[in-house]
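**Student:** Structure file target_25.pdb (PDB, C-alpha atoms, pLDDT in the B column) right here:
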ATOM      1  CA  MET L   1      12.696 -20.870  24.469  1.00 95.00           C
ATOM      2  CA  THR L   2      11.959 -18.685  21.453  1.00 98.00           C
ATOM      3  CA  LEU L   3       9.507 -16.220  19.885  1.00 98.00           C
ATOM      4  CA  TYR L   4       8.915 -17.128  16.233  1.00 98.00           C
ATOM      5  CA  LEU L   5       7.514 -14.549  13.800  1.00 98.00           C
ATOM      6  CA  ILE L   6       6.176 -16.642  10.931  1.00 98.00           C
ATOM      7  CA  GLY L   7       4.843 -15.448   7.570  1.00 97.00           C
ATOM      8  CA  LEU L   8       1.845 -17.376   6.222  1.00 97.00           C
ATOM      9  CA  GLY L   9       1.893 -16.127   2.635  1.00 96.00           C
ATOM     10  CA  LEU L  10      -1.171 -14.740   0.909  1.00 96.00           C
ATOM     11  CA  HIS L  11      -3.589 -17.548   0.068  1.00 95.00           C
ATOM     12  CA  ASP L  12      -4.488 -20.401   2.396  1.00 96.00           C
ATOM     13  CA  GLU L  13      -3.203 -22.808   5.049  1.00 96.00           C
ATOM     14  CA  LYS L  14      -0.793 -24.474   2.585  1.00 97.00           C
ATOM     15  CA  ASP L  15       1.141 -21.292   1.801  1.00 97.00           C
ATOM     16  CA  ILE L  16       3.198 -21.591   4.972  1.00 98.00           C
ATOM     17  CA  SER L  17       6.785 -22.748   4.344  1.00 98.00           C
ATOM     18  CA  LEU L  18       7.890 -26.235   5.380  1.00 98.00           C
ATOM     19  CA  LYS L  19      10.194 -24.637   7.932  1.00 98.00           C
ATOM     20  CA  GLY L  20       7.337 -22.534   9.285  1.00 98.00           C
ATOM     21  CA  LEU L  21       5.010 -25.528   9.515  1.00 98.00           C
ATOM     22  CA  GLU L  22       7.600 -27.571  11.388  1.00 98.00           C
ATOM     23  CA  VAL L  23       8.094 -24.758  13.901  1.00 98.00           C
ATOM     24  CA  VAL L  24       4.353 -24.181  14.410  1.00 98.00           C
ATOM     25  CA  ARG L  25       3.772 -27.858  15.166  1.00 97.00           C
ATOM     26  CA  ASN L  26       6.459 -27.711  17.841  1.00 97.00           C
ATOM     27  CA  CYS L  27       5.339 -24.489  19.535  1.00 98.00           C
ATOM     28  CA  ASP L  28       3.430 -24.308  22.813  1.00 97.00           C
ATOM     29  CA  THR L  29       1.201 -21.349  21.929  1.00 97.00           C
ATOM     30  CA  ILE L  30       0.135 -20.068  18.505  1.00 97.00           C
ATOM     31  CA  TYR L  31      -1.071 -16.505  17.927  1.00 96.00           C
ATOM     32  CA  LEU L  32      -2.545 -15.288  14.623  1.00 95.00           C
ATOM     33  CA  GLU L  33      -2.820 -11.605  13.839  1.00 91.00           C
ATOM     34  CA  ASN L  34      -6.121 -10.749  12.162  1.00 85.00           C
ATOM     35  CA  TYR L  35      -5.784  -7.061  11.392  1.00 86.00           C
ATOM     36  CA  THR L  36      -3.259  -6.468   8.580  1.00 87.00           C
ATOM     37  CA  SER L  37      -4.810  -8.747   5.941  1.00 90.00           C
ATOM     38  CA  VAL L  38      -6.889 -11.899   5.434  1.00 91.00           C
ATOM     39  CA  LEU L  39      -6.225 -15.361   4.054  1.00 92.00           C
ATOM     40  CA  GLN L  40      -8.647 -17.150   1.739  1.00 92.00           C
ATOM     41  CA  CYS L  41      -9.322 -19.819   4.374  1.00 94.00           C
ATOM     42  CA  SER L  42     -10.772 -20.052   7.873  1.00 94.00           C
ATOM     43  CA  VAL L  43      -9.005 -20.319  11.206  1.00 95.00           C
ATOM     44  CA  GLU L  44     -10.494 -23.806  11.455  1.00 96.00           C
ATOM     45  CA  ASN L  45      -8.668 -24.755   8.226  1.00 97.00           C
ATOM     46  CA  LEU L  46      -5.416 -23.507   9.720  1.00 97.00           C
ATOM     47  CA  GLU L  47      -5.937 -25.389  12.974  1.00 97.00           C
ATOM     48  CA  LYS L  48      -6.743 -28.620  11.167  1.00 97.00           C
ATOM     49  CA  PHE L  49      -3.698 -28.386   8.899  1.00 97.00           C
ATOM     50  CA  TYR L  50      -1.297 -27.293  11.643  1.00 96.00           C
ATOM     51  CA  GLY L  51      -2.738 -29.646  14.269  1.00 96.00           C
ATOM     52  CA  LYS L  52      -2.672 -26.784  16.773  1.00 96.00           C
ATOM     53  CA  LYS L  53      -5.127 -24.497  18.545  1.00 97.00           C
ATOM     54  CA  ILE L  54      -4.805 -20.899  17.337  1.00 97.00           C
ATOM     55  CA  THR L  55      -5.501 -17.759  19.361  1.00 95.00           C
ATOM     56  CA  LEU L  56      -6.634 -14.757  17.315  1.00 92.00           C
ATOM     57  CA  CYS L  57      -4.835 -11.541  18.161  1.00 89.00           C
ATOM     58  CA  SER L  58      -6.299  -8.100  17.437  1.00 85.00           C
ATOM     59  CA  ARG L  59      -4.155  -5.035  16.756  1.00 83.00           C
ATOM     60  CA  GLU L  60      -4.776  -3.804  20.300  1.00 84.00           C
ATOM     61  CA  GLN L  61      -3.816  -7.161  21.802  1.00 82.00           C
ATOM     62  CA  ALA L  62      -0.652  -7.336  19.715  1.00 81.00           C
ATOM     63  CA  GLU L  63       0.448  -3.774  20.384  1.00 79.00           C
ATOM     64  CA  GLN L  64      -0.628  -3.425  24.008  1.00 83.00           C
ATOM     65  CA  GLY L  65       0.136  -7.038  24.869  1.00 83.00           C
ATOM     66  CA  ALA L  66       3.478  -7.230  23.067  1.00 89.00           C
ATOM     67  CA  GLU L  67       5.409  -7.415  26.312  1.00 92.00           C
ATOM     68  CA  LYS L  68       3.195 -10.269  27.556  1.00 93.00           C
ATOM     69  CA  ILE L  69       3.797 -12.245  24.340  1.00 95.00           C
ATOM     70  CA  VAL L  70       7.544 -11.697  24.566  1.00 95.00           C
ATOM     71  CA  GLU L  71       7.632 -12.733  28.228  1.00 96.00           C
ATOM     72  CA  GLU L  72       5.726 -15.910  27.356  1.00 96.00           C
ATOM     73  CA  ALA L  73       8.527 -16.735  24.938  1.00 97.00           C
ATOM     74  CA  ARG L  74      11.029 -16.580  27.782  1.00 96.00           C
ATOM     75  CA  LYS L  75       9.614 -19.868  29.121  1.00 96.00           C
ATOM     76  CA  ASN L  76       7.870 -21.408  26.082  1.00 98.00           C
ATOM     77  CA  ASN L  77       8.116 -21.587  22.302  1.00 98.00           C
ATOM     78  CA  ILE L  78       5.638 -19.034  20.961  1.00 98.00           C
ATOM     79  CA  ALA L  79       4.588 -18.650  17.320  1.00 98.00           C
ATOM     80  CA  PHE L  80       3.157 -15.335  16.117  1.00 97.00           C
ATOM     81  CA  LEU L  81       1.625 -15.897  12.682  1.00 97.00           C
ATOM     82  CA  VAL L  82       1.400 -13.034  10.190  1.00 96.00           C
ATOM     83  CA  VAL L  83      -0.500 -12.967   6.891  1.00 95.00           C
ATOM     84  CA  GLY L  84       2.069 -12.313   4.165  1.00 95.00           C
ATOM     85  CA  ASP L  85       5.552 -11.653   5.534  1.00 96.00           C
ATOM     86  CA  PRO L  86       6.231 -10.778   9.204  1.00 95.00           C
ATOM     87  CA  PHE L  87       7.783  -7.444   8.288  1.00 93.00           C
ATOM     88  CA  SER L  88       5.354  -6.287   5.594  1.00 86.00           C
ATOM     89  CA  ALA L  89       3.439  -4.448   8.333  1.00 77.00           C
ATOM     90  CA  THR L  90       5.501  -2.190  10.592  1.00 76.00           C
ATOM     91  CA  THR L  91       3.435  -3.117  13.650  1.00 77.00           C
ATOM     92  CA  HIS L  92       5.214  -6.473  13.913  1.00 87.00           C
ATOM     93  CA  VAL L  93       8.659  -4.888  14.050  1.00 91.00           C
ATOM     94  CA  GLU L  94       7.834  -3.885  17.629  1.00 90.00           C
ATOM     95  CA  LEU L  95       7.566  -7.527  18.702  1.00 93.00           C
ATOM     96  CA  PHE L  96      10.970  -8.200  17.146  1.00 95.00           C
ATOM     97  CA  ARG L  97      12.513  -5.100  18.735  1.00 94.00           C
ATOM     98  CA  LEU L  98      11.038  -5.828  22.149  1.00 94.00           C
ATOM     99  CA  ALA L  99      12.268  -9.423  22.118  1.00 96.00           C
ATOM    100  CA  LYS L 100      15.766  -8.201  21.248  1.00 97.00           C
ATOM    101  CA  GLU L 101      15.597  -5.574  24.006  1.00 97.00           C
ATOM    102  CA  LYS L 102      14.425  -8.144  26.584  1.00 96.00           C
ATOM    103  CA  LYS L 103      17.082 -10.594  25.376  1.00 97.00           C
ATOM    104  CA  VAL L 104      14.442 -13.179  24.490  1.00 97.00           C
ATOM    105  CA  PRO L 105      15.470 -15.368  21.509  1.00 97.00           C
ATOM    106  CA  VAL L 106      13.493 -14.403  18.405  1.00 98.00           C
ATOM    107  CA  LYS L 107      13.538 -15.954  14.948  1.00 98.00           C
ATOM    108  CA  VAL L 108      11.841 -14.864  11.733  1.00 98.00           C
ATOM    109  CA  ILE L 109      10.523 -17.142   8.988  1.00 98.00           C
ATOM    110  CA  HIS L 110       9.741 -15.102   5.882  1.00 97.00           C
ATOM    111  CA  ASN L 111       7.091 -15.628   3.201  1.00 97.00           C
ATOM    112  CA  ALA L 112       5.525 -13.925   0.185  1.00 95.00           C
ATOM    113  CA  SER L 113       3.871 -10.539   0.708  1.00 95.00           C
ATOM    114  CA  ILE L 114       1.763  -8.061  -1.229  1.00 95.00           C
ATOM    115  CA  LEU L 115       4.935  -6.013  -1.765  1.00 95.00           C
ATOM    116  CA  THR L 116       6.331  -8.723  -4.032  1.00 96.00           C
ATOM    117  CA  ALA L 117       3.097 -10.254  -5.325  1.00 97.00           C
ATOM    118  CA  VAL L 118       2.282  -7.044  -7.239  1.00 98.00           C
ATOM    119  CA  GLY L 119       5.012  -8.068  -9.676  1.00 97.00           C
ATOM    120  CA  ILE L 120       2.416 -10.230 -11.436  1.00 98.00           C
ATOM    121  CA  THR L 121       0.925  -7.029 -12.866  1.00 98.00           C
ATOM    122  CA  GLY L 122       4.043  -6.716 -15.024  1.00 98.00           C
ATOM    123  CA  LEU L 123       5.106  -3.558 -13.218  1.00 98.00           C
ATOM    124  CA  GLN L 124       8.753  -3.793 -12.231  1.00 98.00           C
ATOM    125  CA  LEU L 125       9.217  -3.967  -8.464  1.00 97.00           C
ATOM    126  CA  TYR L 126      12.276  -1.726  -8.347  1.00 97.00           C
ATOM    127  CA  LYS L 127      10.211   1.046  -9.974  1.00 98.00           C
ATOM    128  CA  PHE L 128       7.716   1.245  -7.115  1.00 98.00           C
ATOM    129  CA  GLY L 129       8.044   4.289  -4.900  1.00 98.00           C
ATOM    130  CA  ARG L 130       6.732   4.763  -1.378  1.00 97.00           C
ATOM    131  CA  THR L 131       3.789   2.516  -0.473  1.00 97.00           C
ATOM    132  CA  THR L 132       0.859   4.076   1.358  1.00 97.00           C
ATOM    133  CA  SER L 133      -2.580   3.180   2.706  1.00 96.00           C
ATOM    134  CA  ILE L 134      -6.018   4.565   1.940  1.00 97.00           C
ATOM    135  CA  PRO L 135      -8.182   4.638   5.095  1.00 96.00           C
ATOM    136  CA  PHE L 136     -11.943   4.409   5.388  1.00 96.00           C
ATOM    137  CA  PRO L 137     -13.165   7.953   4.620  1.00 93.00           C
ATOM    138  CA  GLU L 138     -15.560   7.918   7.575  1.00 93.00           C
ATOM    139  CA  ASP L 139     -12.670   7.097   9.919  1.00 91.00           C
ATOM    140  CA  VAL L 140     -10.195   9.650   8.539  1.00 90.00           C
ATOM    141  CA  PRO L 141     -12.321  12.166   6.579  1.00 86.00           C
ATOM    142  CA  GLU L 142      -9.498  14.667   6.049  1.00 89.00           C
ATOM    143  CA  ALA L 143      -6.795  12.203   5.005  1.00 91.00           C
ATOM    144  CA  GLU L 144      -4.524  13.571   2.275  1.00 96.00           C
ATOM    145  CA  THR L 145      -1.416  11.417   2.746  1.00 97.00           C
ATOM    146  CA  PRO L 146      -2.312   9.017  -0.125  1.00 98.00           C
ATOM    147  CA  TYR L 147      -2.460  11.947  -2.539  1.00 98.00           C
ATOM    148  CA  ILE L 148       0.768  13.475  -1.233  1.00 98.00           C
ATOM    149  CA  VAL L 149       2.623  10.164  -1.608  1.00 98.00           C
ATOM    150  CA  LEU L 150       1.221   9.728  -5.121  1.00 98.00           C
ATOM    151  CA  LYS L 151       2.432  13.189  -6.083  1.00 98.00           C
ATOM    152  CA  GLU L 152       5.940  12.452  -4.779  1.00 98.00           C
ATOM    153  CA  ASN L 153       6.129   9.140  -6.608  1.00 98.00           C
ATOM    154  CA  GLN L 154       4.731  10.526  -9.863  1.00 98.00           C
ATOM    155  CA  SER L 155       7.292  13.334  -9.840  1.00 98.00           C
ATOM    156  CA  SER L 156       9.988  10.638 -10.022  1.00 98.00           C
ATOM    157  CA  GLY L 157       8.131   8.454 -12.533  1.00 98.00           C
ATOM    158  CA  LEU L 158       7.578   5.746  -9.904  1.00 98.00           C
ATOM    159  CA  HIS L 159       4.617   3.411  -9.434  1.00 98.00           C
ATOM    160  CA  THR L 160       2.433   3.837  -6.332  1.00 98.00           C
ATOM    161  CA  LEU L 161       0.965   0.910  -4.398  1.00 98.00           C
ATOM    162  CA  PHE L 162      -2.027   1.715  -2.209  1.00 98.00           C
ATOM    163  CA  LEU L 163      -2.994  -0.772   0.491  1.00 97.00           C
ATOM    164  CA  LEU L 164      -6.708  -0.451   1.189  1.00 97.00           C
ATOM    165  CA  ASP L 165      -7.978  -0.273   4.750  1.00 95.00           C
ATOM    166  CA  LEU L 166      -9.589  -3.307   6.317  1.00 94.00           C
ATOM    167  CA  GLN L 167     -11.119  -4.403   9.597  1.00 92.00           C
ATOM    168  CA  PRO L 168     -11.585  -8.176   9.239  1.00 89.00           C
ATOM    169  CA  GLU L 169     -13.042  -8.522  12.716  1.00 85.00           C
ATOM    170  CA  HIS L 170     -15.927  -6.279  11.610  1.00 88.00           C
ATOM    171  CA  ASP L 171     -16.041  -7.612   8.034  1.00 91.00           C
ATOM    172  CA  ARG L 172     -15.161  -4.152   6.703  1.00 95.00           C
ATOM    173  CA  PHE L 173     -13.002  -3.829   3.596  1.00 97.00           C
ATOM    174  CA  LEU L 174     -12.404  -0.656   1.616  1.00 98.00           C
ATOM    175  CA  THR L 175     -13.144  -1.521  -2.015  1.00 98.00           C
ATOM    176  CA  ILE L 176     -11.137  -0.377  -5.015  1.00 98.00           C
ATOM    177  CA  SER L 177     -14.035   1.785  -6.189  1.00 98.00           C
ATOM    178  CA  GLN L 178     -14.260   3.453  -2.778  1.00 98.00           C
ATOM    179  CA  ALA L 179     -10.503   4.027  -2.734  1.00 98.00           C
ATOM    180  CA  LEU L 180     -10.675   5.799  -6.085  1.00 98.00           C
ATOM    181  CA  GLN L 181     -13.522   7.931  -4.775  1.00 98.00           C
ATOM    182  CA  VAL L 182     -11.324   8.934  -1.833  1.00 97.00           C
ATOM    183  CA  LEU L 183      -8.561  10.014  -4.220  1.00 98.00           C
ATOM    184  CA  GLU L 184     -11.057  11.903  -6.390  1.00 98.00           C
ATOM    185  CA  LYS L 185     -12.341  13.761  -3.337  1.00 97.00           C
ATOM    186  CA  ILE L 186      -8.806  14.802  -2.379  1.00 97.00           C
ATOM    187  CA  GLU L 187      -8.199  15.881  -6.005  1.00 98.00           C
ATOM    188  CA  VAL L 188     -11.189  18.240  -5.831  1.00 97.00           C
ATOM    189  CA  LYS L 189      -9.693  19.785  -2.712  1.00 95.00           C
ATOM    190  CA  ARG L 190      -6.046  20.012  -3.791  1.00 95.00           C
ATOM    191  CA  GLN L 191      -6.507  20.564  -7.549  1.00 96.00           C
ATOM    192  CA  GLY L 192      -3.174  18.940  -8.368  1.00 96.00           C
ATOM    193  CA  GLY L 193      -4.317  17.384 -11.627  1.00 97.00           C
ATOM    194  CA  LEU L 194      -3.231  13.892 -10.576  1.00 98.00           C
ATOM    195  CA  ILE L 195      -6.583  12.084 -10.579  1.00 98.00           C
ATOM    196  CA  THR L 196      -8.365  12.400 -13.928  1.00 97.00           C
ATOM    197  CA  ASP L 197     -10.843  10.233 -15.819  1.00 97.00           C
ATOM    198  CA  SER L 198      -8.115   9.237 -18.274  1.00 97.00           C
ATOM    199  CA  LEU L 199      -5.632   8.181 -15.581  1.00 98.00           C
ATOM    200  CA  LEU L 200      -4.448   4.560 -15.908  1.00 98.00           C
ATOM    201  CA  VAL L 201      -5.007   2.624 -12.689  1.00 98.00           C
ATOM    202  CA  VAL L 202      -4.664  -1.054 -11.770  1.00 98.00           C
ATOM    203  CA  GLY L 203      -7.049  -2.749  -9.357  1.00 98.00           C
ATOM    204  CA  CYS L 204      -5.973  -5.984  -7.671  1.00 98.00           C
ATOM    205  CA  ALA L 205      -7.852  -8.479  -5.527  1.00 98.00           C
ATOM    206  CA  ARG L 206      -6.636 -11.606  -3.724  1.00 97.00           C
ATOM    207  CA  LEU L 207      -3.082 -11.490  -5.082  1.00 97.00           C
ATOM    208  CA  GLY L 208      -1.308 -14.737  -4.325  1.00 95.00           C
ATOM    209  CA  SER L 209      -4.537 -16.732  -4.575  1.00 95.00           C
ATOM    210  CA  ASP L 210      -5.636 -19.058  -7.348  1.00 93.00           C
ATOM    211  CA  ASP L 211      -8.542 -16.773  -8.239  1.00 96.00           C
ATOM    212  CA  TYR L 212      -6.697 -13.456  -8.124  1.00 97.00           C
ATOM    213  CA  LEU L 213      -8.143 -10.645 -10.224  1.00 98.00           C
ATOM    214  CA  ILE L 214      -6.240  -7.800 -11.861  1.00 98.00           C
ATOM    215  CA  LYS L 215      -7.833  -5.142 -14.047  1.00 98.00           C
ATOM    216  CA  ALA L 216      -6.161  -2.163 -15.693  1.00 98.00           C
ATOM    217  CA  GLY L 217      -8.055   0.758 -17.156  1.00 98.00           C
ATOM    218  CA  SER L 218      -9.221   4.312 -16.638  1.00 98.00           C
ATOM    219  CA  VAL L 219     -10.637   5.482 -13.332  1.00 98.00           C
ATOM    220  CA  PRO L 220     -14.297   5.280 -14.498  1.00 98.00           C
ATOM    221  CA  GLU L 221     -13.726   1.801 -15.963  1.00 98.00           C
ATOM    222  CA  ILE L 222     -12.133   0.356 -12.837  1.00 98.00           C
ATOM    223  CA  LYS L 223     -14.769   1.902 -10.548  1.00 98.00           C
ATOM    224  CA  LYS L 224     -17.440  -0.155 -12.330  1.00 98.00           C
ATOM    225  CA  ILE L 225     -15.744  -3.529 -11.784  1.00 98.00           C
ATOM    226  CA  ASN L 226     -16.817  -5.934  -9.062  1.00 97.00           C
ATOM    227  CA  PHE L 227     -13.548  -7.405  -7.790  1.00 98.00           C
ATOM    228  CA  GLY L 228     -15.178 -10.019  -5.591  1.00 97.00           C
ATOM    229  CA  ARG L 229     -13.731 -10.987  -2.233  1.00 96.00           C
ATOM    230  CA  PRO L 230     -10.949  -9.042  -0.454  1.00 96.00           C
ATOM    231  CA  PRO L 231      -8.184  -8.221   0.186  1.00 95.00           C
ATOM    232  CA  TYR L 232      -7.778  -5.372  -2.296  1.00 97.00           C
ATOM    233  CA  SER L 233      -4.992  -3.108  -3.448  1.00 98.00           C
ATOM    234  CA  LEU L 234      -4.698  -0.318  -5.987  1.00 98.00           C
ATOM    235  CA  ILE L 235      -1.779   0.704  -8.152  1.00 98.00           C
ATOM    236  CA  ILE L 236      -1.267   3.936 -10.058  1.00 98.00           C
ATOM    237  CA  PRO L 237       1.623   3.383 -12.469  1.00 98.00           C
ATOM    238  CA  GLY L 238       4.336   5.935 -13.021  1.00 98.00           C
ATOM    239  CA  LYS L 239       6.441   6.085 -16.167  1.00 98.00           C
ATOM    240  CA  LEU L 240       6.010   2.795 -18.030  1.00 98.00           C
ATOM    241  CA  HIS L 241       8.636   0.733 -19.839  1.00 97.00           C
ATOM    242  CA  PHE L 242       7.328  -0.832 -23.057  1.00 97.00           C
ATOM    243  CA  LEU L 243       7.508  -4.316 -21.473  1.00 97.00           C
ATOM    244  CA  GLU L 244       5.345  -3.107 -18.593  1.00 98.00           C
ATOM    245  CA  GLU L 245       2.850  -1.687 -21.072  1.00 97.00           C
ATOM    246  CA  GLU L 246       2.704  -5.009 -22.925  1.00 97.00           C
ATOM    247  CA  VAL L 247       1.944  -7.050 -19.799  1.00 97.00           C
ATOM    248  CA  LEU L 248      -0.638  -4.533 -18.564  1.00 97.00           C
ATOM    249  CA  GLU L 249      -2.490  -5.028 -21.846  1.00 97.00           C
ATOM    250  CA  PHE L 250      -3.352  -8.562 -20.680  1.00 97.00           C
ATOM    251  CA  TYR L 251      -5.328  -7.003 -17.832  1.00 98.00           C
ATOM    252  CA  ARG L 252      -7.174  -4.356 -19.824  1.00 95.00           C
TER
END
Is it possible to express this structure as structure tokens?
**Tutor:**
Amino acid sequence: MTLYLIGLGLHDEKDISLKGLEVVRNCDTIYLENYTSVLQCSVENLEKFYGKKITLCSREQAEQGAEKIVEEARKNNIAFLVVGDPFSATTHVELFRLAKEKKVPVKVIHNASILTAVGITGLQLYKFGRTTSIPFPEDVPEAETPYIVLKENQSSGLHTLFLLDLQPEHDRFLTISQALQVLEKIEVKRQGGLITDSLLVVGCARLGSDDYLIKAGSVPEIKKINFGRPPYSLIIPGKLHFLEEEVLEFYR
């Protein structure tokens, strides 16, 4: 018996790979994480397409119940579904590690993730530096890590991808405007000169979906835009190649 970590891609129930779909339909139990991102479809859509009942799994259930999930896979075929790619979020590495440690067979079926989908902005993937998250300010009021990471990346001319906090179970999603406000607040405190009104930033919503939205502009311009439904991400470019500049112009 086997534990399968299966990436679902970024859009809807049809983004799963043929290999992933075949495995899901032959598994005994299907878990779906609902804490790292969201698809543009309902669980009911997934269940109808897969022909299987799906059990939602919160971060706490996945992290604290990891051993239970792995032990289930000792006797049955278990699918753990992840929005994007299984290894885009570090929390799922623990399931893989634990299965290896317990000598339970584990297989990974990869898919598209936000880390590759950002290439549609025209920014070259190999020029992205360290990726970081921006938390809800009320949850982590003193957070400065996003600013520190930005400073490190900018010093090397690298682009910075910010993943914006979300709590799908509570319908909470940090917006791009709110994320920029967080960075502005840290700028006031640290006075590093990184976040200015003239800074070029790129807001992204629903990458990988048919109705994705990308807008490039100054901080005040991007803060005014309604990006619609989540999930959201924010990019602050580093040193731009002329080809990157040309593609970004499409999103101005």
**Student:** Please write out, as AutoDock Vina command-line options, where the centre of an axis-aligned box around all listed atoms of segment 54-68 of chain L lies and how long its edges are, in Å to one decimal, after adding 5 Å on each side.
**Tutor:**
--center_x -0.6 --center_y -12.2 --center_z 22.2 --size_x 22.0 --size_y 27.5 --size_z 20.8
**Student:** Please evaluate the PyMOL selection byres ((chain L and resi 79-95) around 9) against the structure above and give the resulting residues as a PyMOL selection string.
**Tutor:** chain L and resi 2-11+23-24+27-34+36-39+59+62-63+66-67+69-70+73+77-78+96-100+108-115
**Student:** Find the residues around Lys151 of chain L up to 10 Å (all atoms listed in the file counted), leave out those fewer than 6 positions away in its own chain, and share them as an mmCIF file with C-alpha atoms, in the coordinates of the input.
**Tutor:**
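Wrote result.cif, looks like this:
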data_model
loop_
_atom_site.group_PDB
_atom_site.id
_atom_site.type_symbol
_atom_site.label_atom_id
_atom_site.label_comp_id
_atom_site.auth_asym_id
_atom_site.auth_seq_id
_atom_site.Cartn_x
_atom_site.Cartn_y
_atom_site.Cartn_z
ATOM 1 C CA THR L 145 -1.416 11.417 2.746
ATOM 2 C CA GLY L 157 8.131 8.454 -12.533
ATOM 3 C CA LEU L 158 7.578 5.746 -9.904
ATOM 4 C CA THR L 160 2.433 3.837 -6.332
ATOM 5 C CA GLY L 192 -3.174 18.940 -8.368
ATOM 6 C CA GLY L 193 -4.317 17.384 -11.627
ATOM 7 C CA LEU L 194 -3.231 13.892 -10.576
#
**Student:** Compile the contact shell of Leu21 of chain L as a list in words: residues with an atom at most 10 Å away, counting only C-alpha atoms, same-chain residues fewer than 6 positions apart removed.
**Tutor:** Ile6, Leu8, Glu13, Lys14, Asp15, Phe49, Tyr50 and Gly51 of chain L
**Student:** Rank L:Phe227, L:Phe128, L:Phe173, L:Phe242 by their smallest atom-to-atom distance to Cys204 of chain L, using only C-alpha atoms, and report the top residue only.
**Tutor:**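 Looking at the shortest contact to Cys204 of chain L, the residue is L:Phe227.
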**Student:** I'd like to know which of L:Gly208, L:Gly203, L:Pro220, L:Gly20 is closest to Ile236 of chain L, using all atoms listed in the file.
**Tutor:**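 Nearest to Ile236 of chain L: L:Gly203.
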**Student:** Smallest atom-to-atom distance to Lys223 of chain L: which of L:Gly238, L:Thr131, L:Ala179, L:Leu199, using only C-alpha atoms?
**Tutor:**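 Nearest to Lys223 of chain L: L:Ala179.
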**Student:** Enter the distance from atom CA of Asp165 of chain L to atom CA of Glu152 of chain L, in Å, rounded to one decimal.
**Tutor:**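 Atom CA of Glu152 of chain L lies at a distance of 21.1 Å from atom CA of Asp165 of chain L.
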**Student:** How many Å lie between atom CA of Ser209 of chain L and atom CA of Ile235 of chain L, rounded to one decimal?
**Tutor:**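 So the two atoms, atom CA of Ser209 of chain L and atom CA of Ile235 of chain L, lie 18.0 Å apart.
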**Student:** Report, in Å with one decimal, the straight-line distance from atom CA of Leu248 of chain L to atom CA of Ala216 of chain L.
**Tutor:**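 Here the two named atoms are 6.7 Å from each other.
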**Student:** What would the selection look like, as a ChimeraX atom specification, if the PyMOL selection byres ((chain L and resi 137) around 12) were run on the coordinates I just shared?
**Tutor:** /L:133-136,138-144,146,164-166,173-175,178-186
